[in-house]
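Shown next: coords_9.cif, containing mmCIF, C-alpha atoms.
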```
data_protein
#
loop_
_atom_site.label_atom_id
_atom_site.label_comp_id
_atom_site.auth_asym_id
_atom_site.auth_seq_id
_atom_site.Cartn_x
_atom_site.Cartn_y
_atom_site.Cartn_z
CA MET A 16 3.31 13.02 -4.59
CA THR A 17 3.41 11.62 -1.07
CA PRO A 18 3.50 7.82 -0.77
CA GLU A 19 -0.20 7.89 0.22
CA GLN A 20 -1.10 9.85 -2.91
CA THR A 21 0.93 7.48 -5.05
CA LEU A 22 -0.84 4.49 -3.58
CA THR A 23 -4.27 6.12 -3.93
CA ALA A 24 -3.72 6.84 -7.63
CA TYR A 25 -2.39 3.33 -8.20
CA VAL A 26 -5.24 1.59 -6.39
CA LEU A 27 -7.76 3.71 -8.29
CA ARG A 28 -6.21 2.61 -11.55
CA LEU A 29 -6.58 -1.02 -10.53
CA GLY A 30 -10.20 -0.31 -9.65
CA ASP A 31 -10.77 1.34 -13.03
CA ASN A 32 -9.48 -1.70 -14.93
CA ALA A 33 -11.70 -4.04 -12.94
CA LEU A 34 -14.78 -1.83 -13.18
CA VAL A 35 -14.52 -1.10 -16.90
CA LEU A 36 -13.93 -4.73 -17.85
CA GLY A 37 -16.77 -5.76 -15.53
CA GLN A 38 -19.06 -3.18 -17.12
CA ARG A 39 -18.20 -4.41 -20.63
CA MET A 40 -19.11 -7.93 -19.58
CA LEU A 41 -22.33 -6.77 -17.96
CA GLU A 42 -23.40 -5.50 -21.38
CA LEU A 43 -23.55 -9.16 -22.38
CA VAL A 44 -25.69 -10.32 -19.48
CA ALA A 45 -28.88 -11.92 -20.83
CA ALA A 46 -27.46 -11.64 -24.36
CA TYR A 47 -25.41 -14.82 -24.62
CA PRO A 48 -26.74 -17.44 -27.04
CA GLU A 49 -26.00 -20.24 -24.58
CA LEU A 50 -26.90 -20.66 -20.93
CA GLU A 51 -23.53 -22.01 -19.78
CA GLU A 52 -21.55 -19.13 -21.18
CA GLU A 53 -24.20 -16.73 -19.99
CA LEU A 54 -23.50 -17.91 -16.43
CA ALA A 55 -19.75 -17.89 -16.93
CA ASN A 56 -19.82 -14.33 -18.19
CA ALA A 57 -22.12 -13.11 -15.43
CA ASN A 58 -19.92 -14.84 -12.83
CA PHE A 59 -16.79 -13.21 -14.22
CA ALA A 60 -18.42 -9.80 -14.36
CA LEU A 61 -19.50 -10.15 -10.74
CA ASP A 62 -15.93 -10.92 -9.69
CA TYR A 63 -14.57 -7.86 -11.49
CA ILE A 64 -17.20 -5.58 -10.02
CA GLY A 65 -16.46 -7.04 -6.58
CA GLN A 66 -12.74 -6.40 -7.06
CA ALA A 67 -13.44 -2.83 -8.24
CA ARG A 68 -15.43 -2.25 -5.05
CA MET A 69 -12.54 -3.43 -2.87
CA PHE A 70 -10.05 -1.22 -4.74
CA TYR A 71 -12.34 1.83 -4.71
CA SER A 72 -13.22 1.50 -1.02
CA TYR A 73 -9.54 1.35 -0.20
CA ALA A 74 -8.73 4.31 -2.48
CA GLY A 75 -11.46 6.30 -0.74
CA GLU A 76 -9.96 5.52 2.68
CA LEU A 77 -6.45 6.41 1.52
CA GLU A 78 -7.61 9.65 -0.05
CA GLY A 79 -9.48 10.59 3.11
CA ALA A 80 -11.75 13.04 1.31
CA GLY A 81 -14.93 11.11 1.97
CA ARG A 82 -15.35 9.72 -1.54
CA SER A 83 -17.13 6.36 -1.70
CA GLU A 84 -16.84 3.55 -4.21
CA ASP A 85 -19.95 4.92 -5.94
CA ASP A 86 -18.38 8.38 -6.24
CA PHE A 87 -15.42 6.89 -8.08
CA ALA A 88 -17.55 4.75 -10.36
CA TYR A 89 -20.45 7.05 -11.12
CA PHE A 90 -19.38 10.63 -10.61
CA ARG A 91 -16.06 10.96 -12.37
CA PRO A 92 -15.85 12.12 -15.99
CA GLU A 93 -14.37 9.92 -18.70
CA HIS A 94 -10.88 11.48 -18.67
CA GLU A 95 -10.40 10.79 -14.96
CA PHE A 96 -10.56 7.03 -15.55
CA ARG A 97 -7.10 5.52 -15.88
CA ASN A 98 -7.96 2.05 -17.16
CA LEU A 99 -6.06 0.35 -19.98
CA LEU A 100 -7.39 0.77 -23.50
CA LEU A 101 -7.66 -3.00 -23.86
CA VAL A 102 -10.40 -3.43 -21.25
CA GLU A 103 -12.63 -0.73 -22.75
CA GLN A 104 -12.68 -2.28 -26.24
CA PRO A 105 -16.16 -3.29 -27.37
CA ASN A 106 -17.32 -6.87 -26.92
CA GLY A 107 -17.53 -7.47 -30.69
CA HIS A 108 -18.17 -11.13 -31.47
CA PHE A 109 -17.44 -14.01 -29.10
CA GLY A 110 -13.88 -14.37 -30.43
CA ASP A 111 -13.17 -10.70 -29.69
CA THR A 112 -14.57 -11.04 -26.17
CA ILE A 113 -12.50 -14.16 -25.44
CA VAL A 114 -9.26 -12.79 -26.90
CA ARG A 115 -9.62 -9.54 -24.94
CA GLN A 116 -10.17 -11.59 -21.80
CA VAL A 117 -7.18 -13.86 -22.34
CA LEU A 118 -4.79 -11.00 -23.18
CA PHE A 119 -5.85 -9.06 -20.11
CA ASP A 120 -6.20 -11.95 -17.65
CA VAL A 121 -2.70 -13.31 -18.35
CA TYR A 122 -1.34 -9.86 -17.50
CA TYR A 123 -3.71 -9.27 -14.60
CA LEU A 124 -2.93 -12.63 -12.99
CA SER A 125 0.83 -11.92 -13.01
CA LEU A 126 0.21 -8.41 -11.76
CA LEU A 127 -1.93 -9.65 -8.86
CA GLU A 128 0.59 -12.35 -7.99
CA ALA A 129 3.27 -9.66 -7.80
CA LEU A 130 1.00 -7.40 -5.75
CA THR A 131 0.52 -10.12 -3.13
CA ARG A 132 4.19 -9.48 -2.30
CA CYS A 133 3.95 -5.67 -2.13
CA SER A 134 4.66 -3.90 1.13
CA ASP A 135 1.18 -2.45 1.58
CA LYS A 136 -0.71 -5.11 3.52
CA ARG A 137 -4.23 -4.15 2.48
CA LEU A 138 -3.37 -4.05 -1.23
CA ALA A 139 -1.57 -7.38 -0.91
CA ASP A 140 -4.67 -8.86 0.76
CA ILE A 141 -7.02 -7.63 -1.96
CA ALA A 142 -4.65 -9.00 -4.61
CA ALA A 143 -4.54 -12.39 -2.88
CA ARG A 144 -8.34 -12.55 -2.90
CA ALA A 145 -8.66 -11.47 -6.55
CA GLU A 146 -5.83 -13.63 -7.84
CA LYS A 147 -7.72 -16.84 -7.05
CA GLU A 148 -10.70 -15.68 -9.10
CA VAL A 149 -8.70 -14.49 -12.08
CA ARG A 150 -6.84 -17.79 -12.22
CA TYR A 151 -10.17 -19.56 -12.71
CA HIS A 152 -11.33 -17.04 -15.36
CA LEU A 153 -8.13 -17.39 -17.30
CA ARG A 154 -8.37 -21.15 -17.39
CA HIS A 155 -11.88 -20.97 -18.76
CA CYS A 156 -11.10 -18.34 -21.40
CA ALA A 157 -7.84 -19.96 -22.47
CA GLN A 158 -9.73 -23.21 -23.07
CA TRP A 159 -12.22 -21.29 -25.21
CA LEU A 160 -9.48 -19.67 -27.24
CA VAL A 161 -7.99 -23.10 -27.94
CA ARG A 162 -11.40 -24.36 -29.01
CA LEU A 163 -11.96 -21.38 -31.31
CA GLY A 164 -8.48 -21.42 -32.82
CA ASP A 165 -8.39 -25.18 -33.23
CA GLY A 166 -12.05 -25.41 -34.26
CA THR A 167 -13.50 -24.77 -37.69
CA ASP A 168 -11.86 -22.78 -40.48
CA GLU A 169 -14.17 -19.90 -39.75
CA SER A 170 -13.61 -19.88 -35.98
CA HIS A 171 -9.86 -20.08 -36.60
CA ARG A 172 -9.93 -17.18 -39.04
CA LYS A 173 -12.06 -15.04 -36.73
CA ALA A 174 -9.97 -15.80 -33.63
CA GLN A 175 -6.78 -14.91 -35.50
CA GLN A 176 -8.36 -11.66 -36.66
CA SER A 177 -9.43 -10.78 -33.10
CA LEU A 178 -5.92 -11.47 -31.86
CA ASP A 179 -4.35 -9.33 -34.60
CA GLU A 180 -6.73 -6.45 -33.97
CA LEU A 181 -6.55 -6.37 -30.18
CA TRP A 182 -2.77 -6.81 -30.13
CA ARG A 183 -2.16 -3.08 -30.53
CA TYR A 184 -3.58 -2.47 -27.06
CA THR A 185 -1.23 -4.87 -25.27
CA SER A 186 2.06 -2.97 -25.01
CA GLU A 187 0.43 -0.26 -22.88
CA MET A 188 0.12 -2.84 -20.07
CA PHE A 189 3.92 -3.08 -19.78
CA ALA A 190 4.92 0.53 -20.41
CA ALA A 191 5.81 1.64 -16.88
CA ASP A 192 4.97 5.27 -16.21
CA ALA A 193 5.98 7.40 -13.22
CA LEU A 194 3.23 5.87 -11.08
CA ASP A 195 4.27 2.29 -11.84
CA GLU A 196 7.88 3.22 -11.06
CA ALA A 197 6.92 4.90 -7.79
CA VAL A 198 4.90 1.88 -6.63
CA LEU A 199 7.75 -0.44 -7.62
CA THR A 200 10.25 1.63 -5.61
CA SER A 201 8.22 2.68 -2.59
CA PHE A 202 5.95 -0.34 -2.15
CA ASN A 203 7.88 -3.21 -3.72
CA GLY A 204 5.24 -3.22 -6.46
CA PRO A 205 5.14 -5.24 -9.68
CA ASP A 206 8.07 -5.06 -12.08
CA LEU A 207 6.32 -4.62 -15.43
CA GLY A 208 9.42 -5.71 -17.31
CA GLU A 209 9.28 -9.10 -15.60
CA ILE A 210 5.55 -9.32 -16.12
CA ALA A 211 5.97 -8.63 -19.83
CA VAL A 212 8.33 -11.60 -20.13
CA GLU A 213 5.93 -13.95 -18.31
CA TRP A 214 3.02 -12.63 -20.37
CA GLN A 215 4.79 -13.24 -23.67
CA LYS A 216 5.57 -16.79 -22.62
CA ASP A 217 2.07 -17.63 -21.35
CA VAL A 218 0.27 -16.00 -24.26
CA SER A 219 2.43 -17.77 -26.81
CA THR A 220 1.77 -21.11 -25.07
CA ILE A 221 -1.98 -20.58 -25.37
CA VAL A 222 -1.76 -19.21 -28.92
CA GLU A 223 0.33 -22.17 -30.03
CA GLU A 224 -2.07 -24.66 -28.42
CA ALA A 225 -4.86 -22.86 -30.28
CA THR A 226 -2.98 -23.36 -33.57
CA LEU A 227 -2.96 -19.58 -34.03
CA SER A 228 0.01 -17.33 -34.84
CA MET A 229 1.45 -14.57 -32.71
CA PRO A 230 0.62 -11.25 -34.40
CA GLN A 231 3.20 -9.30 -36.39
CA GLU A 232 4.83 -6.25 -34.87
CA GLN A 233 2.58 -3.29 -35.45
CA HIS A 234 1.77 0.21 -34.31
CA MET A 235 0.84 0.16 -30.63
CA ALA A 236 -1.83 2.34 -29.08
CA SER A 237 -1.62 3.82 -25.58
CA GLY A 238 -3.11 6.61 -23.49
CA GLY A 239 -5.48 4.87 -21.09
CA LYS A 240 -3.14 5.31 -18.12
CA GLN A 241 -3.16 9.07 -18.83
CA GLY A 242 -6.93 9.27 -19.26
CA LYS A 243 -6.85 9.46 -23.07
CA HIS A 244 -9.32 6.85 -24.15
CA THR A 245 -10.55 5.32 -27.39
CA GLU A 246 -13.79 6.53 -28.96
CA TYR A 247 -15.75 3.61 -27.50
CA PHE A 248 -15.17 4.56 -23.89
CA GLY A 249 -17.45 7.60 -23.64
CA TYR A 250 -20.49 5.51 -24.51
CA LEU A 251 -19.64 2.97 -21.84
CA VAL A 252 -19.25 5.68 -19.19
CA ALA A 253 -22.47 7.40 -20.26
CA GLU A 254 -24.51 4.24 -19.97
CA MET A 255 -22.90 3.16 -16.71
CA GLN A 256 -23.43 6.54 -15.05
CA SER A 257 -26.81 7.55 -16.45
CA LEU A 258 -28.93 6.20 -13.60
CA PRO A 259 -26.94 7.55 -10.63
CA ARG A 260 -26.49 10.88 -12.38
CA THR A 261 -30.21 11.15 -13.08
CA TYR A 262 -31.15 10.19 -9.53
CA PRO A 263 -28.17 11.17 -7.36
CA GLY A 264 -28.25 9.57 -3.94
CA ALA A 265 -31.01 7.10 -4.87
CA THR A 266 -30.91 3.83 -2.95
CA TRP A 267 -32.77 0.56 -3.27
CA MET B 4 -26.37 -0.10 31.99
CA VAL B 5 -26.01 -3.87 31.85
CA GLU B 6 -23.02 -5.45 30.15
CA PRO B 7 -23.91 -8.38 27.89
CA ALA B 8 -23.19 -11.52 29.89
CA VAL B 9 -21.86 -13.51 26.97
CA ASN B 10 -18.53 -14.90 26.05
CA ARG B 11 -16.89 -15.77 22.80
CA ASP B 12 -17.94 -19.43 22.87
CA THR B 13 -21.59 -18.55 23.30
CA ILE B 14 -21.42 -16.16 20.36
CA LEU B 15 -19.74 -18.83 18.24
CA GLU B 16 -22.52 -21.27 19.14
CA TRP B 17 -25.10 -18.73 18.05
CA LEU B 18 -23.25 -18.07 14.83
CA ALA B 19 -23.43 -21.79 14.11
CA ASP B 20 -27.17 -21.20 13.56
CA VAL B 21 -26.65 -18.64 10.79
CA PRO B 22 -27.13 -20.33 7.40
CA ASP B 23 -25.38 -19.49 4.16
CA PRO B 24 -28.15 -17.82 2.11
CA GLU B 25 -27.23 -19.63 -1.11
CA ILE B 26 -26.55 -23.08 0.33
CA PRO B 27 -28.70 -23.03 3.47
CA VAL B 28 -27.62 -26.53 4.52
CA LEU B 29 -24.27 -24.96 5.44
CA THR B 30 -23.83 -22.56 8.32
CA ILE B 31 -21.30 -19.78 8.22
CA MET B 32 -19.22 -21.76 10.73
CA ASP B 33 -19.16 -24.77 8.35
CA LEU B 34 -18.07 -22.48 5.54
CA GLY B 35 -15.12 -21.27 7.59
CA ILE B 36 -15.74 -17.59 7.02
CA VAL B 37 -15.97 -16.58 10.70
CA ARG B 38 -12.43 -15.53 11.51
CA ASP B 39 -12.75 -13.91 14.91
CA VAL B 40 -15.18 -12.83 17.60
CA GLU B 41 -14.25 -10.10 20.08
CA CYS B 42 -16.45 -9.36 23.07
CA GLY B 43 -16.00 -6.02 24.75
CA THR B 44 -18.57 -3.30 25.25
CA GLY B 45 -20.04 -4.69 22.03
CA VAL B 46 -19.41 -7.69 19.85
CA VAL B 47 -17.17 -7.55 16.79
CA VAL B 48 -17.45 -10.43 14.34
CA SER B 49 -14.76 -10.72 11.67
CA LEU B 50 -15.89 -12.38 8.46
CA ALA B 51 -13.88 -13.32 5.37
CA PRO B 52 -15.67 -12.77 2.05
CA THR B 53 -15.75 -15.88 -0.12
CA TYR B 54 -15.63 -14.36 -3.61
CA SER B 55 -15.06 -10.64 -4.30
CA GLY B 56 -18.39 -10.25 -6.01
CA CYS B 57 -20.41 -12.74 -3.96
CA PRO B 58 -23.87 -11.21 -3.59
CA ALA B 59 -24.35 -13.21 -0.38
CA THR B 60 -21.68 -11.24 1.50
CA GLU B 61 -23.99 -8.42 2.52
CA VAL B 62 -26.86 -10.81 3.29
CA ILE B 63 -24.57 -12.82 5.58
CA GLU B 64 -23.42 -9.67 7.36
CA SER B 65 -26.96 -8.57 8.07
CA SER B 66 -27.95 -12.12 9.16
CA VAL B 67 -25.10 -12.10 11.68
CA ILE B 68 -26.22 -8.79 13.09
CA ALA B 69 -29.86 -9.94 13.20
CA ALA B 70 -28.98 -13.29 14.84
CA LEU B 71 -27.07 -11.60 17.66
CA GLU B 72 -29.61 -8.82 18.09
CA ASP B 73 -32.35 -11.44 18.46
CA ARG B 74 -30.39 -12.74 21.45
CA GLY B 75 -30.24 -9.32 22.99
CA ILE B 76 -26.83 -8.11 21.88
CA ALA B 77 -27.34 -4.52 20.81
CA ASN B 78 -23.91 -3.38 19.75
CA VAL B 79 -22.80 -5.72 16.92
CA THR B 80 -20.18 -4.77 14.36
CA VAL B 81 -19.17 -6.89 11.40
CA LYS B 82 -15.63 -6.49 10.13
CA ARG B 83 -14.48 -7.78 6.74
CA VAL B 84 -11.07 -9.44 6.78
CA LEU B 85 -9.28 -10.34 3.58
CA SER B 86 -6.27 -12.06 5.02
CA PRO B 87 -5.63 -14.92 4.85
CA PRO B 88 -7.98 -15.15 1.88
CA TRP B 89 -10.82 -17.63 2.07
CA THR B 90 -10.44 -20.71 -0.07
CA THR B 91 -12.57 -23.84 -0.19
CA ASP B 92 -10.00 -25.46 2.11
CA TRP B 93 -11.63 -23.49 4.93
CA ILE B 94 -14.84 -25.54 4.64
CA SER B 95 -14.95 -27.90 7.63
CA ASP B 96 -15.25 -31.69 7.45
CA VAL B 97 -18.75 -31.41 8.86
CA GLY B 98 -19.54 -28.90 6.12
CA ARG B 99 -18.19 -31.22 3.45
CA GLU B 100 -20.35 -34.08 4.71
CA LYS B 101 -23.42 -31.82 4.75
CA LEU B 102 -22.72 -30.77 1.17
CA ARG B 103 -22.47 -34.37 0.05
CA GLU B 104 -25.73 -35.30 1.76
CA TYR B 105 -27.37 -32.30 0.14
CA GLY B 106 -26.26 -33.55 -3.31
CA ILE B 107 -23.41 -31.12 -3.93
CA ALA B 108 -19.98 -32.68 -4.44
CA PRO B 109 -17.63 -31.03 -1.92
CA PRO B 110 -14.52 -29.26 -3.21
CA GLU B 111 -11.25 -31.12 -3.49
CA ARG B 112 -8.65 -30.32 -0.87
CA GLY B 113 -5.60 -28.32 -1.80
CA ALA B 114 -6.80 -25.13 -3.48
CA SER B 115 -3.69 -23.99 -5.26
CA LYS B 116 -2.13 -23.14 -8.57
CA ARG B 117 -3.77 -24.95 -11.44
CA ALA B 118 -2.28 -25.44 -14.87
CA LEU B 119 -3.02 -22.81 -17.50
CA LEU B 120 -5.06 -25.06 -19.74
CA ARG B 121 -6.18 -28.04 -17.73
CA GLY B 122 -9.55 -28.53 -16.11
CA GLN B 123 -10.44 -30.86 -13.27
CA HIS B 124 -11.48 -34.41 -13.96
CA GLY B 125 -13.08 -37.26 -12.10
CA ILE B 126 -15.07 -35.33 -9.50
CA PRO B 127 -16.84 -38.13 -7.59
CA CYS B 128 -20.63 -38.13 -7.74
CA PRO B 129 -22.01 -37.12 -4.33
CA ARG B 130 -24.61 -39.89 -4.48
CA CYS B 131 -22.73 -42.99 -5.57
CA GLU B 132 -19.08 -41.89 -5.23
CA SER B 133 -18.34 -43.01 -8.80
CA ALA B 134 -15.71 -40.90 -10.51
CA ASN B 135 -17.16 -41.62 -13.94
CA THR B 136 -18.47 -38.10 -14.26
CA GLU B 137 -18.12 -35.28 -16.74
CA LEU B 138 -18.02 -31.53 -16.55
CA VAL B 139 -21.12 -29.88 -18.04
CA SER B 140 -20.25 -26.28 -17.21
CA GLU B 141 -17.58 -24.61 -15.12
CA PHE B 142 -20.25 -22.17 -14.03
CA GLY B 143 -23.36 -23.25 -12.20
CA SER B 144 -26.35 -21.78 -10.48
CA THR B 145 -24.23 -19.65 -8.12
CA ALA B 146 -20.73 -18.22 -8.39
CA CYS B 147 -19.28 -20.99 -6.24
CA LYS B 148 -20.58 -24.03 -8.11
CA ALA B 149 -19.90 -25.91 -11.34
CA ALA B 150 -22.30 -28.30 -13.07
CA TYR B 151 -21.32 -31.96 -13.58
CA ARG B 152 -23.11 -35.11 -14.60
CA PHE B 153 -22.67 -38.76 -13.85
CA ALA B 154 -21.68 -40.33 -17.17
CA ASP B 155 -23.47 -43.67 -16.59
CA CYS B 156 -26.96 -42.47 -15.73
CA LEU B 157 -26.63 -38.84 -16.88
CA GLU B 158 -27.83 -37.64 -13.46
CA PRO B 159 -26.72 -34.03 -13.09
CA PHE B 160 -25.11 -32.79 -9.89
CA GLU B 161 -23.34 -29.71 -8.66
CA TYR B 162 -19.72 -29.41 -7.57
CA PHE B 163 -18.55 -26.79 -5.10
CA LYS B 164 -15.65 -25.36 -7.06
CA CYS B 165 -12.19 -25.70 -5.63
CA ILE B 166 -10.80 -22.20 -5.54
#
```

Represent the structure of the file as C-alpha cells.
Amino acid sequence: MTPEQTLTAYVLRLGDNALVLGQRMLELVAAYPELEEELANANFALDYIGQARMFYSYAGELEGAGRSEDDFAYFRPEHEFRNLLLVEQPNGHFGDTIVRQVLFDVYYLSLLEALTRCSDKRLADIAARAEKEVRYHLRHCAQWLVRLGDGTDESHRKAQQSLDELWRYTSEMFAADALDEAVLTSFNGPDLGEIAVEWQKDVSTIVEEATLSMPQEQHMASGGKQGKHTEYFGYLVAEMQSLPRTYPGATW
Amino acid sequence: MVEPAVNRDTILEWLADVPDPEIPVLTIMDLGIVRDVECGTGVVVSLAPTYSGCPATEVIESSVIAALEDRGIANVTVKRVLSPPWTTDWISDVGREKLREYGIAPPERGASKRALLRGQHGIPCPRCESANTELVSEFGSTACKAAYRFADCLEPFEYFKCI
C-alpha cells in the first residue's frame, strides 16, 4: 500500500467506528425514559455522526475516486465496514449502553489525543476537534457508571454484568494490525501499546469509584478490523441503509 | 466586468450582521468562528465549525453566502477550517456580555482538560451573579448548552458549556 492508501484505509476505519456508534445511539432517540438523558444521548449521537462525516469526507478526498461521505455510509456492504466489535453491540439496557460508552470513550479519547500529534495535518485537526467532544461524553458516562455501580443492589449487579459481558470486545482495540503499524511508522500515529496501558489505568479508576470489580480474564473476541462482524451488525447496516438504497440519490 | 469594490474590513462588518441561528443574540463574529476573509476575484470566508455534529454549521454557511450576495458579491466561497479548533474561549467579551443579558450564563474561560469524574460547580446565575446554583442536566436545548438552576429561587437558566 502507498502511504495515501494506508491513510485512506485508516481514516475510513475511524469513520466506521464513529458512524456505527452514532447509529446505535440514534436507535435510542425518542426512546429514553427521561428527558435529560434523551438530550444527552441525542447530543452524543450528533457528535459521532459529525465526526464520521469529517473522517469520510477526508477519506473520499484521499481516495480520489469521487466517493462521498454518503457513499461510504450507505452504499458499502457489511463486510467492508472495519469498525470495532464493541461499538456495534446492541444497546441492551441502560447499564449496557453506559458501559459500552465508557469502555470505548476511554480508548477513543486516548486515541484522538495521540492522533493530534500525528504527522498528517488534516487528521490531526479532525482529532483535535473530536477530542474535545469525547472528553465531555466520557465525563458524563463515567459519572453514570459510578451512579449505577454505587447505586442500588440491582443497579450494581446489572452494571457488573454489563461490564463482564462487554469486556470480551475490549482487547481488539489494542491489537495492532498491519494498518495500525503502518500508521504508527509512516505518520507518527498512535502507539496502541501505550494506549492500552492508559486505558487499563483509567478504566480501573472509574470501575473502582463505581464499587465494581474488573472482569476476570476471559476469551476475547475480535474480527471487526478485518470486516468480520458479530451477528447484530447486519441488522444495523440494513436499517441504516434502507432509505438511501430504496431511493438512491434522493435529497431533501 | 466590474470588480467588487470591497475590502476585508467591509466584509467583516457585514459578517457582524449574521446571527447564530440557535442563539440569535450572538453574531458569528461574537462567536469567534470567522477565521479569515480573503478578497480576490471573489470572496472566501473561512469558518471554524463549533461542534462536529452542530446542525447549525450548514445554516451558518448559507447565511454567510446569502448576506454577502444581498450586498452584491456574487462569487462567495465558504471554507471550513478545523485548526486551531474552536473552543468557547473564542467567544468575544462582547459576546459573553450579550449572552448574560440574554439569560444564558457565558462559558468559563480556560477550556482545557477536565478531570475524569468531576463536573463543574458554582456557575454564576446570569441574572443575579449568585454562585448558589446547581446543575440540572449537562445537556440542554441545543448541543452547546447545559441546564442549571438557581438553588435559592429555583429559577432555571442555561449555561453555555465550556468545551

Show me, as a ChimeraX atom specification, the residues of chain A whose atoms get within 7 Å of chain B, using only C-alpha atoms for the distance check.
/A:51,54-55,58,61-62,64-66,140-141,143-145,147,154,157-158

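Using all atoms listed in the file, the nearest neighbour of Ala253 (chain A) within the list A:Asp86, A:Asp179, A:Glu93, A:Glu42 is A:Glu93.
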
Expressed in Å to a single decimal, how great is the separation between CA of Gly98 (chain B) and CA of Ile36 (chain B)?
12.0 Å

Check what the PyMOL selection byres ((chain B and resi 104-112) around 9) selects in the file above and give those residues as a PDB file with C-alpha atoms, keeping the file's coordinate frame.
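Just written: selection_37.pdb:
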```
ATOM      1  CA  VAL B  28     -27.620 -26.530   4.520  1.00  0.00           C
ATOM      2  CA  THR B  91     -12.570 -23.840  -0.190  1.00  0.00           C
ATOM      3  CA  ASP B  92     -10.000 -25.460   2.110  1.00  0.00           C
ATOM      4  CA  ILE B  94     -14.840 -25.540   4.640  1.00  0.00           C
ATOM      5  CA  GLY B  98     -19.540 -28.900   6.120  1.00  0.00           C
ATOM      6  CA  ARG B  99     -18.190 -31.220   3.450  1.00  0.00           C
ATOM      7  CA  GLU B 100     -20.350 -34.080   4.710  1.00  0.00           C
ATOM      8  CA  LYS B 101     -23.420 -31.820   4.750  1.00  0.00           C
ATOM      9  CA  LEU B 102     -22.720 -30.770   1.170  1.00  0.00           C
ATOM     10  CA  ARG B 103     -22.470 -34.370   0.050  1.00  0.00           C
ATOM     11  CA  GLY B 113      -5.600 -28.320  -1.800  1.00  0.00           C
ATOM     12  CA  ALA B 114      -6.800 -25.130  -3.480  1.00  0.00           C
ATOM     13  CA  ILE B 126     -15.070 -35.330  -9.500  1.00  0.00           C
ATOM     14  CA  PRO B 127     -16.840 -38.130  -7.590  1.00  0.00           C
ATOM     15  CA  CYS B 128     -20.630 -38.130  -7.740  1.00  0.00           C
ATOM     16  CA  PRO B 129     -22.010 -37.120  -4.330  1.00  0.00           C
ATOM     17  CA  ARG B 130     -24.610 -39.890  -4.480  1.00  0.00           C
ATOM     18  CA  LYS B 148     -20.580 -24.030  -8.110  1.00  0.00           C
ATOM     19  CA  PHE B 160     -25.110 -32.790  -9.890  1.00  0.00           C
ATOM     20  CA  GLU B 161     -23.340 -29.710  -8.660  1.00  0.00           C
ATOM     21  CA  TYR B 162     -19.720 -29.410  -7.570  1.00  0.00           C
ATOM     22  CA  PHE B 163     -18.550 -26.790  -5.100  1.00  0.00           C
ATOM     23  CA  LYS B 164     -15.650 -25.360  -7.060  1.00  0.00           C
ATOM     24  CA  CYS B 165     -12.190 -25.700  -5.630  1.00  0.00           C
ATOM     25  CA  ILE B 166     -10.800 -22.200  -5.540  1.00  0.00           C
TER      26      ILE B 166
END
```

For Glu254 (chain A): contacts at 12 Å, all atoms listed in the file, fewer than 3 positions along chain excluded, given as a ChimeraX atom specification:
/A:35,38-39,41-42,88-89,93,247-251,257-261

So which residues get picked by the PyMOL selection byres ((chain A and resi 74-81) around 9) here, written as a list of chain:residue names?
A:Glu19, A:Gln20, A:Leu22, A:Thr23, A:Ala24, A:Tyr25, A:Val26, A:Leu27, A:Gly30, A:Met69, A:Phe70, A:Tyr71, A:Ser72, A:Tyr73, A:Arg82, A:Ser83, A:Glu84, A:Phe87

Using CA of Asp120 (chain A) and CA of Arg132 (chain A) as the two end points, give the distance in Å to one decimal.
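Taking CA of Asp120 (chain A) as the start and CA of Arg132 (chain A) as the end point, the length is 18.7 Å.
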
The PyMOL selection byres ((chain A and resi 194-203) around 12) on the file shown: which residues, as a PyMOL selection string?
chain A and resi 16-29+97+126+129-139+187-193+204-209+240-241

Distance in Å - CA of Leu160 (chain A) versus CA of Val117 (chain A):
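Pair CA of Leu160 (chain A) / CA of Val117 (chain A) returns 7.9 Å.
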
What would the list of residues within 9 Å of (-26.7, -17.2, 8.1) (file frame) look like as a list in words, if all atoms listed in the file are what count?
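Residues lying no farther than 9 Å from the given point: Leu18, Ala19, Asp20, Val21, Pro22, Asp23, Pro24, Pro27, Leu29, Thr30, Ile31, Val62, Ile63, Glu64, Ser65, Ser66, Val67 and Ala70 of chain B.
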
Please provide the set of residues having any atom within 12 Å of Val161 (chain A), restricted to all atoms listed in the file, with same-chain residues fewer than 6 positions apart removed, written as a CSV table (one decimal) with C-alpha atoms, keeping the file's coordinate frame.
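That gives us around-v9.csv:
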```csv
chain,number,residue,atom,x,y,z
A,110,GLY,CA,-13.9,-14.4,-30.4
A,113,ILE,CA,-12.5,-14.2,-25.4
A,114,VAL,CA,-9.3,-12.8,-26.9
A,117,VAL,CA,-7.2,-13.9,-22.3
A,154,ARG,CA,-8.4,-21.2,-17.4
A,155,HIS,CA,-11.9,-21.0,-18.8
A,167,THR,CA,-13.5,-24.8,-37.7
A,170,SER,CA,-13.6,-19.9,-36.0
A,171,HIS,CA,-9.9,-20.1,-36.6
A,174,ALA,CA,-10.0,-15.8,-33.6
A,175,GLN,CA,-6.8,-14.9,-35.5
A,218,VAL,CA,0.3,-16.0,-24.3
A,219,SER,CA,2.4,-17.8,-26.8
A,220,THR,CA,1.8,-21.1,-25.1
A,221,ILE,CA,-2.0,-20.6,-25.4
A,222,VAL,CA,-1.8,-19.2,-28.9
A,223,GLU,CA,0.3,-22.2,-30.0
A,224,GLU,CA,-2.1,-24.7,-28.4
A,225,ALA,CA,-4.9,-22.9,-30.3
A,226,THR,CA,-3.0,-23.4,-33.6
A,227,LEU,CA,-3.0,-19.6,-34.0
B,119,LEU,CA,-3.0,-22.8,-17.5
B,120,LEU,CA,-5.1,-25.1,-19.7
B,121,ARG,CA,-6.2,-28.0,-17.7
```
